[in-house]
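Peer 1: One structure, as structure tokens, below. Some questions next.
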Amino acid sequence: MPVTSTNILALLKSNHLFRGLSNATLEHTARIAKYRVAERGAVLFHQGDPGDGFYGIDYGRVRMSSTSSAGREIYFVELGPGDTFGEIALLDDGPRTASAIVAEPAAIIIIERHAFRSILRNDNDLCLKMLTRLCERVRWTSELVEDHSFLSVEAQIAKRIRLLSERFGTDVANGRQLKITQHDLAAFLGVSRQAINTYLSRWQHEGWLEVSRGSLCIRDTDRLTRV
């Protein structure tokens with residue numbers, strides 16, 4: 001079924017950023033928004049690209065990452081349905097601070113930069129919501145810095161597994177299943193895969209979780225939280 005402005009309007013009304021805005025703003029945004037379906041591995045934009053638009057996720061997952069000049073990649077965050085991204089370069093006219101790559105087949109709503117900024121100029125409520133969103137980003141960034149500075153590697157791994165499982169895991173008979181590779185978990189934390197394997201093997205031996213190819217099954221979330 002083709003996606004229409006009516007379908008996009010329904011999505012906007014259910015999104016936490018747009019929910020509660022005036023009908024005029026929502027209807028105008030739905031008319032100008034574009035809808036794109038992307039396969040796993042598709043690059044929505046690269047770090048350093050101009051901020052050409054504002055993005056929202058209908059379904060699927062998108063990963064924000066950065067790559068060093070030596071080719072080392074680190075993941076910042078994984079986003080899912082209802083999340084929005086791309087607001088920093090959209091607002092400050094600077095380049096993209098990270099790359100956005102589809103981690104799981106996704107449908108994306110895109111609002112071009114000039115059109116979105118025009119909406120902001122005419123809707124104070126949306127401006128306030130964007131400010132709140134940016135504050136959330138600052139708090140999240142501060143927490144990442146604190147974790148890296150004050151938590152042990154073991155604690156950082158336990159915390160990231162717990163947070164990812166809360167957001168993207170699924171309940172199964174013996175715990176909560178999270179689809180993630182050890183390579184990806186290492187890239188989220190900026191640590192070696194060997195370090196990841198050491199702690200996962202220990203926790204599996206102690207019965208907290210089960211390690212499978214490409215996934216983890218968390219059996220004791222409380223133990224991870226105490227770490």
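Chain labels run A, B, ... following the order of the structure tokens; each chain numbers its residues from 1, and ligands are numbered from 1 in the order shown.
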Using only C-alpha atoms, determine which residues lie at most 12 Å from A:Leu216, disregarding the query and same-chain residues fewer than 6 positions distant; provide the list as a ChimeraX atom specification.
Peer 2: /A:161-162,164-165,168-172,174-182,185,197,200-201,203-204,208-210
Peer 1: Now that the selection is made, can you save its residues with C-alpha atoms as a short mmCIF file (atom, residue, chain, number, x, y, z; two decimals), in the first residue's frame?
Peer 2:
```
data_model
loop_
_atom_site.label_atom_id
_atom_site.label_comp_id
_atom_site.auth_asym_id
_atom_site.auth_seq_id
_atom_site.Cartn_x
_atom_site.Cartn_y
_atom_site.Cartn_z
CA ILE A 161 23.75 -4.97 27.68
CA ARG A 162 21.02 -4.12 30.17
CA LEU A 164 20.03 -2.49 24.93
CA SER A 165 17.98 -5.45 26.16
CA PHE A 168 15.43 -3.91 21.82
CA GLY A 169 15.25 -7.27 23.58
CA THR A 170 12.36 -9.71 23.42
CA ASP A 171 10.99 -11.89 26.20
CA VAL A 172 11.65 -15.62 25.80
CA ASN A 174 14.28 -18.45 29.90
CA GLY A 175 15.00 -14.71 29.94
CA ARG A 176 15.30 -11.80 27.53
CA GLN A 177 16.83 -12.24 24.09
CA LEU A 178 19.00 -9.51 22.54
CA LYS A 179 20.28 -9.76 18.99
CA ILE A 180 23.81 -8.37 19.07
CA THR A 181 27.27 -9.63 18.12
CA GLN A 182 30.32 -9.37 20.33
CA LEU A 185 29.04 -4.68 21.59
CA ASN A 197 34.40 -12.28 25.41
CA LEU A 200 30.47 -12.77 28.68
CA SER A 201 32.15 -16.14 29.19
CA TRP A 203 28.75 -14.47 33.23
CA GLN A 204 27.63 -17.44 31.14
CA TRP A 208 23.55 -14.87 34.32
CA LEU A 209 23.24 -15.07 30.56
CA GLU A 210 23.63 -17.39 27.60
#
```
Peer 1: Quick one: pick out all strand (DSSP E) residues within stretch 1-221 of chain A from a backbone DSSP run and write them as JSON, numbers by chain.
Peer 2: {"A": [34, 35, 36, 37, 38, 43, 44, 45, 53, 54, 55, 56, 57, 58, 59, 60, 61, 62, 63, 64, 65, 66, 67, 73, 74, 75, 76, 77, 78, 79, 84, 85, 99, 100, 101, 102, 103, 104, 105, 106, 107, 108, 109, 110, 111, 112, 170, 171, 172, 175, 176, 177, 178, 179, 209, 210, 211, 212, 215, 216, 217, 218]}
Peer 1: Residues as selected, C-alpha atoms, written as a short mmCIF file (atom, residue, chain, number, x, y, z; two decimals), in the first residue's frame, can you do that?
Peer 2:
```
data_model
loop_
_atom_site.label_atom_id
_atom_site.label_comp_id
_atom_site.auth_asym_id
_atom_site.auth_seq_id
_atom_site.Cartn_x
_atom_site.Cartn_y
_atom_site.Cartn_z
CA LYS A 34 9.17 12.02 2.62
CA TYR A 35 8.93 8.33 3.42
CA ARG A 36 11.84 6.00 2.65
CA VAL A 37 12.23 2.26 3.16
CA ALA A 38 15.86 1.19 3.65
CA VAL A 43 23.80 4.70 4.83
CA LEU A 44 21.35 7.55 5.49
CA PHE A 45 24.18 10.05 5.84
CA GLY A 53 17.18 17.09 6.84
CA PHE A 54 15.52 15.84 10.00
CA TYR A 55 14.84 12.11 10.38
CA GLY A 56 12.35 9.95 12.26
CA ILE A 57 11.99 6.16 12.45
CA ASP A 58 8.67 4.46 11.72
CA TYR A 59 10.00 0.92 12.15
CA GLY A 60 13.41 -0.75 12.23
CA ARG A 61 16.69 0.32 13.81
CA VAL A 62 19.32 2.94 12.92
CA ARG A 63 22.83 3.07 14.37
CA MET A 64 24.79 6.29 14.89
CA SER A 65 28.54 5.81 14.53
CA SER A 66 31.86 7.52 13.96
CA THR A 67 35.01 6.30 12.17
CA GLU A 73 34.57 2.53 14.09
CA ILE A 74 32.71 3.25 17.32
CA TYR A 75 28.95 3.13 17.82
CA PHE A 76 27.24 5.85 19.85
CA VAL A 77 23.65 4.71 20.04
CA GLU A 78 21.05 2.54 18.36
CA LEU A 79 17.68 4.12 17.66
CA THR A 84 14.24 11.14 15.79
CA PHE A 85 17.77 12.16 14.80
CA SER A 99 27.03 8.59 10.42
CA ALA A 100 23.55 7.05 10.39
CA ILE A 101 23.45 3.45 9.20
CA VAL A 102 20.44 1.14 9.06
CA ALA A 103 21.04 -1.74 11.49
CA GLU A 104 17.74 -3.49 10.77
CA PRO A 105 15.38 -2.94 7.80
CA ALA A 106 13.71 0.37 8.47
CA ALA A 107 11.20 2.93 7.26
CA ILE A 108 12.32 6.52 7.68
CA ILE A 109 10.45 9.82 7.61
CA ILE A 110 12.59 12.66 6.26
CA ILE A 111 11.79 16.38 6.45
CA GLU A 112 14.12 18.58 4.41
CA THR A 170 12.36 -9.71 23.42
CA ASP A 171 10.99 -11.89 26.20
CA VAL A 172 11.65 -15.62 25.80
CA GLY A 175 15.00 -14.71 29.94
CA ARG A 176 15.30 -11.80 27.53
CA GLN A 177 16.83 -12.24 24.09
CA LEU A 178 19.00 -9.51 22.54
CA LYS A 179 20.28 -9.76 18.99
CA LEU A 209 23.24 -15.07 30.56
CA GLU A 210 23.63 -17.39 27.60
CA VAL A 211 25.86 -16.53 24.65
CA SER A 212 24.80 -17.64 21.18
CA SER A 215 22.68 -12.93 20.28
CA LEU A 216 22.58 -12.98 24.07
CA CYS A 217 19.90 -14.31 26.40
CA ILE A 218 19.89 -12.38 29.68
#
```
Peer 1: Set the distance at 12 Å and use only C-alpha atoms: which residues neighbour A:Cys127 once local chain neighbours fewer than 4 positions away are removed? I'd like the list as a list in words.
Peer 2: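 My list of contacting residues is Leu17, Phe18, Leu21, Glu87, Leu91, Phe116, Arg117, Ser118, Ile119, Leu120, Arg121, Asn122, Asp123, Leu131, Thr132, Arg133 and Leu134 of chain A.
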Peer 1: Those residues with N, CA and C atoms, as a PDB file, in the first residue's frame please?
Peer 2:
```
ATOM      1  N   LEU A  17       7.786  13.563  19.775  1.00  0.00           N
ATOM      2  CA  LEU A  17       8.212  14.927  19.452  1.00  0.00           C
ATOM      3  C   LEU A  17       7.070  15.747  18.879  1.00  0.00           C
ATOM      4  N   PHE A  18       6.235  15.130  18.056  1.00  0.00           N
ATOM      5  CA  PHE A  18       5.166  15.856  17.371  1.00  0.00           C
ATOM      6  C   PHE A  18       3.811  15.746  18.078  1.00  0.00           C
ATOM      7  N   LEU A  21       1.021  18.723  19.045  1.00  0.00           N
ATOM      8  CA  LEU A  21       1.152  19.959  18.274  1.00  0.00           C
ATOM      9  C   LEU A  21      -0.172  20.265  17.575  1.00  0.00           C
ATOM     10  N   GLU A  87      19.155  16.337  14.330  1.00  0.00           N
ATOM     11  CA  GLU A  87      18.765  17.708  14.671  1.00  0.00           C
ATOM     12  C   GLU A  87      19.948  18.646  14.865  1.00  0.00           C
ATOM     13  N   LEU A  91      20.201  22.303  12.868  1.00  0.00           N
ATOM     14  CA  LEU A  91      19.983  23.582  13.531  1.00  0.00           C
ATOM     15  C   LEU A  91      21.200  24.500  13.510  1.00  0.00           C
ATOM     16  N   PHE A 116      11.803  22.141   7.448  1.00  0.00           N
ATOM     17  CA  PHE A 116      11.652  21.944   8.886  1.00  0.00           C
ATOM     18  C   PHE A 116      11.949  23.230   9.647  1.00  0.00           C
ATOM     19  N   ARG A 117      12.954  23.973   9.216  1.00  0.00           N
ATOM     20  CA  ARG A 117      13.282  25.225   9.901  1.00  0.00           C
ATOM     21  C   ARG A 117      12.157  26.245   9.731  1.00  0.00           C
ATOM     22  N   SER A 118      11.464  26.170   8.606  1.00  0.00           N
ATOM     23  CA  SER A 118      10.318  27.050   8.399  1.00  0.00           C
ATOM     24  C   SER A 118       9.202  26.726   9.390  1.00  0.00           C
ATOM     25  N   ILE A 119       8.987  25.436   9.645  1.00  0.00           N
ATOM     26  CA  ILE A 119       7.976  25.024  10.626  1.00  0.00           C
ATOM     27  C   ILE A 119       8.360  25.521  12.020  1.00  0.00           C
ATOM     28  N   LEU A 120       9.640  25.390  12.365  1.00  0.00           N
ATOM     29  CA  LEU A 120      10.107  25.831  13.680  1.00  0.00           C
ATOM     30  C   LEU A 120       9.851  27.322  13.895  1.00  0.00           C
ATOM     31  N   ARG A 121      10.046  28.109  12.847  1.00  0.00           N
ATOM     32  CA  ARG A 121       9.850  29.558  12.970  1.00  0.00           C
ATOM     33  C   ARG A 121       8.398  29.914  13.276  1.00  0.00           C
ATOM     34  N   ASN A 122       7.490  29.008  12.954  1.00  0.00           N
ATOM     35  CA  ASN A 122       6.066  29.321  13.095  1.00  0.00           C
ATOM     36  C   ASN A 122       5.352  28.520  14.176  1.00  0.00           C
ATOM     37  N   ASP A 123       6.091  27.713  14.919  1.00  0.00           N
ATOM     38  CA  ASP A 123       5.446  26.905  15.947  1.00  0.00           C
ATOM     39  C   ASP A 123       6.314  26.888  17.197  1.00  0.00           C
ATOM     40  N   LEU A 131      14.109  21.912  21.887  1.00  0.00           N
ATOM     41  CA  LEU A 131      15.049  22.273  22.952  1.00  0.00           C
ATOM     42  C   LEU A 131      15.128  21.157  23.995  1.00  0.00           C
ATOM     43  N   THR A 132      13.974  20.590  24.330  1.00  0.00           N
ATOM     44  CA  THR A 132      13.951  19.478  25.275  1.00  0.00           C
ATOM     45  C   THR A 132      14.725  18.291  24.725  1.00  0.00           C
ATOM     46  N   ARG A 133      14.539  18.043  23.427  1.00  0.00           N
ATOM     47  CA  ARG A 133      15.246  16.934  22.781  1.00  0.00           C
ATOM     48  C   ARG A 133      16.758  17.153  22.831  1.00  0.00           C
ATOM     49  N   LEU A 134      17.210  18.376  22.573  1.00  0.00           N
ATOM     50  CA  LEU A 134      18.641  18.674  22.620  1.00  0.00           C
ATOM     51  C   LEU A 134      19.180  18.527  24.037  1.00  0.00           C
TER      52      LEU A 134
END
```
Peer 1: Give me the residues within 10 Å of A:Thr97 as a list of chain:residue names, counting only C-alpha atoms and dropping any in the same chain fewer than 4 places off.
Peer 2: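 What passes the distance filter is A:His46, A:Gln47, A:Gly48, A:Asp49, A:Pro50, A:Gly51, A:Met64, A:Ser65, A:Ser66, A:Gly86, A:Ile88, A:Ala89.
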Peer 1: Give me a file of those residues, with C-alpha atoms, as a PDB file, in the first residue's frame.
Peer 2:
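Output file result_18.pdb is given in full below:
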```pdb
ATOM      1  CA  HIS A  46      27.894  10.110   6.600  1.00  0.00           C
ATOM      2  CA  GLN A  47      29.748  11.935   9.342  1.00  0.00           C
ATOM      3  CA  GLY A  48      30.826  15.268   7.848  1.00  0.00           C
ATOM      4  CA  ASP A  49      27.902  15.519   5.408  1.00  0.00           C
ATOM      5  CA  PRO A  50      25.837  18.718   5.407  1.00  0.00           C
ATOM      6  CA  GLY A  51      22.706  18.664   7.575  1.00  0.00           C
ATOM      7  CA  MET A  64      24.786   6.290  14.887  1.00  0.00           C
ATOM      8  CA  SER A  65      28.539   5.807  14.528  1.00  0.00           C
ATOM      9  CA  SER A  66      31.865   7.524  13.958  1.00  0.00           C
ATOM     10  CA  GLY A  86      19.776  14.607  12.722  1.00  0.00           C
ATOM     11  CA  ILE A  88      22.248  19.031  15.536  1.00  0.00           C
ATOM     12  CA  ALA A  89      23.497  19.713  12.010  1.00  0.00           C
TER      13      ALA A  89
END
```
Peer 1: Please, which residues of stretch 34-143 of chain A, numbered as in this document, come out helix (DSSP H, G or I) from DSSP, as JSON, numbers by chain?
Peer 2: {"A": [87, 88, 89, 90, 91, 92, 113, 114, 115, 116, 117, 118, 119, 120, 121, 122, 124, 125, 126, 127, 128, 129, 130, 131, 132, 133, 134, 135, 136, 137, 138, 139, 140, 141, 142, 143]}
Peer 1: Kindly give the distance, in Å, that separates atom CA of A:Asp52 and atom CA of A:Ser22, rounded to a single decimal.
Peer 2: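 Between atom CA of A:Asp52 and atom CA of A:Ser22 the gap works out to 24.9 Å.
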Peer 1: Between A:Leu126, A:Leu189, A:Ser142, A:Gly71, which one has atoms that come closest to A:Arg160, using only C-alpha atoms?
Peer 2: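 Nearest to A:Arg160: A:Leu189.
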Peer 1: Which residues are close to A:Arg31, i.e. within 12 Å by only C-alpha atoms, leaving aside same-chain residues fewer than 6 positions away? Reply as a PyMOL selection string.
Peer 2: chain A and resi 3-10+12+24-25+109-112+115-116
Peer 1: For the atom pair atom CA of A:His114 and atom CA of A:Asp92, what is the interatomic distance in Å to one decimal place?
Peer 2: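 Separation between atom CA of A:His114 and atom CA of A:Asp92: 12.5 Å.
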Peer 1: Between atom CA of A:Thr198 and atom CA of A:Ser152, measure the distance and give it in Å to one decimal.
Peer 2: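 Those two atoms sit 13.8 Å apart.
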Peer 1: So, counting only C-alpha atoms, which residue among A:Ser68, A:Asn124, A:Thr29, A:Asn15 is closest to A:Gly190?
Peer 2: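 Checking each of A:Ser68, A:Asn124, A:Thr29, A:Asn15 against A:Gly190, counting only C-alpha atoms, the winner is A:Ser68.
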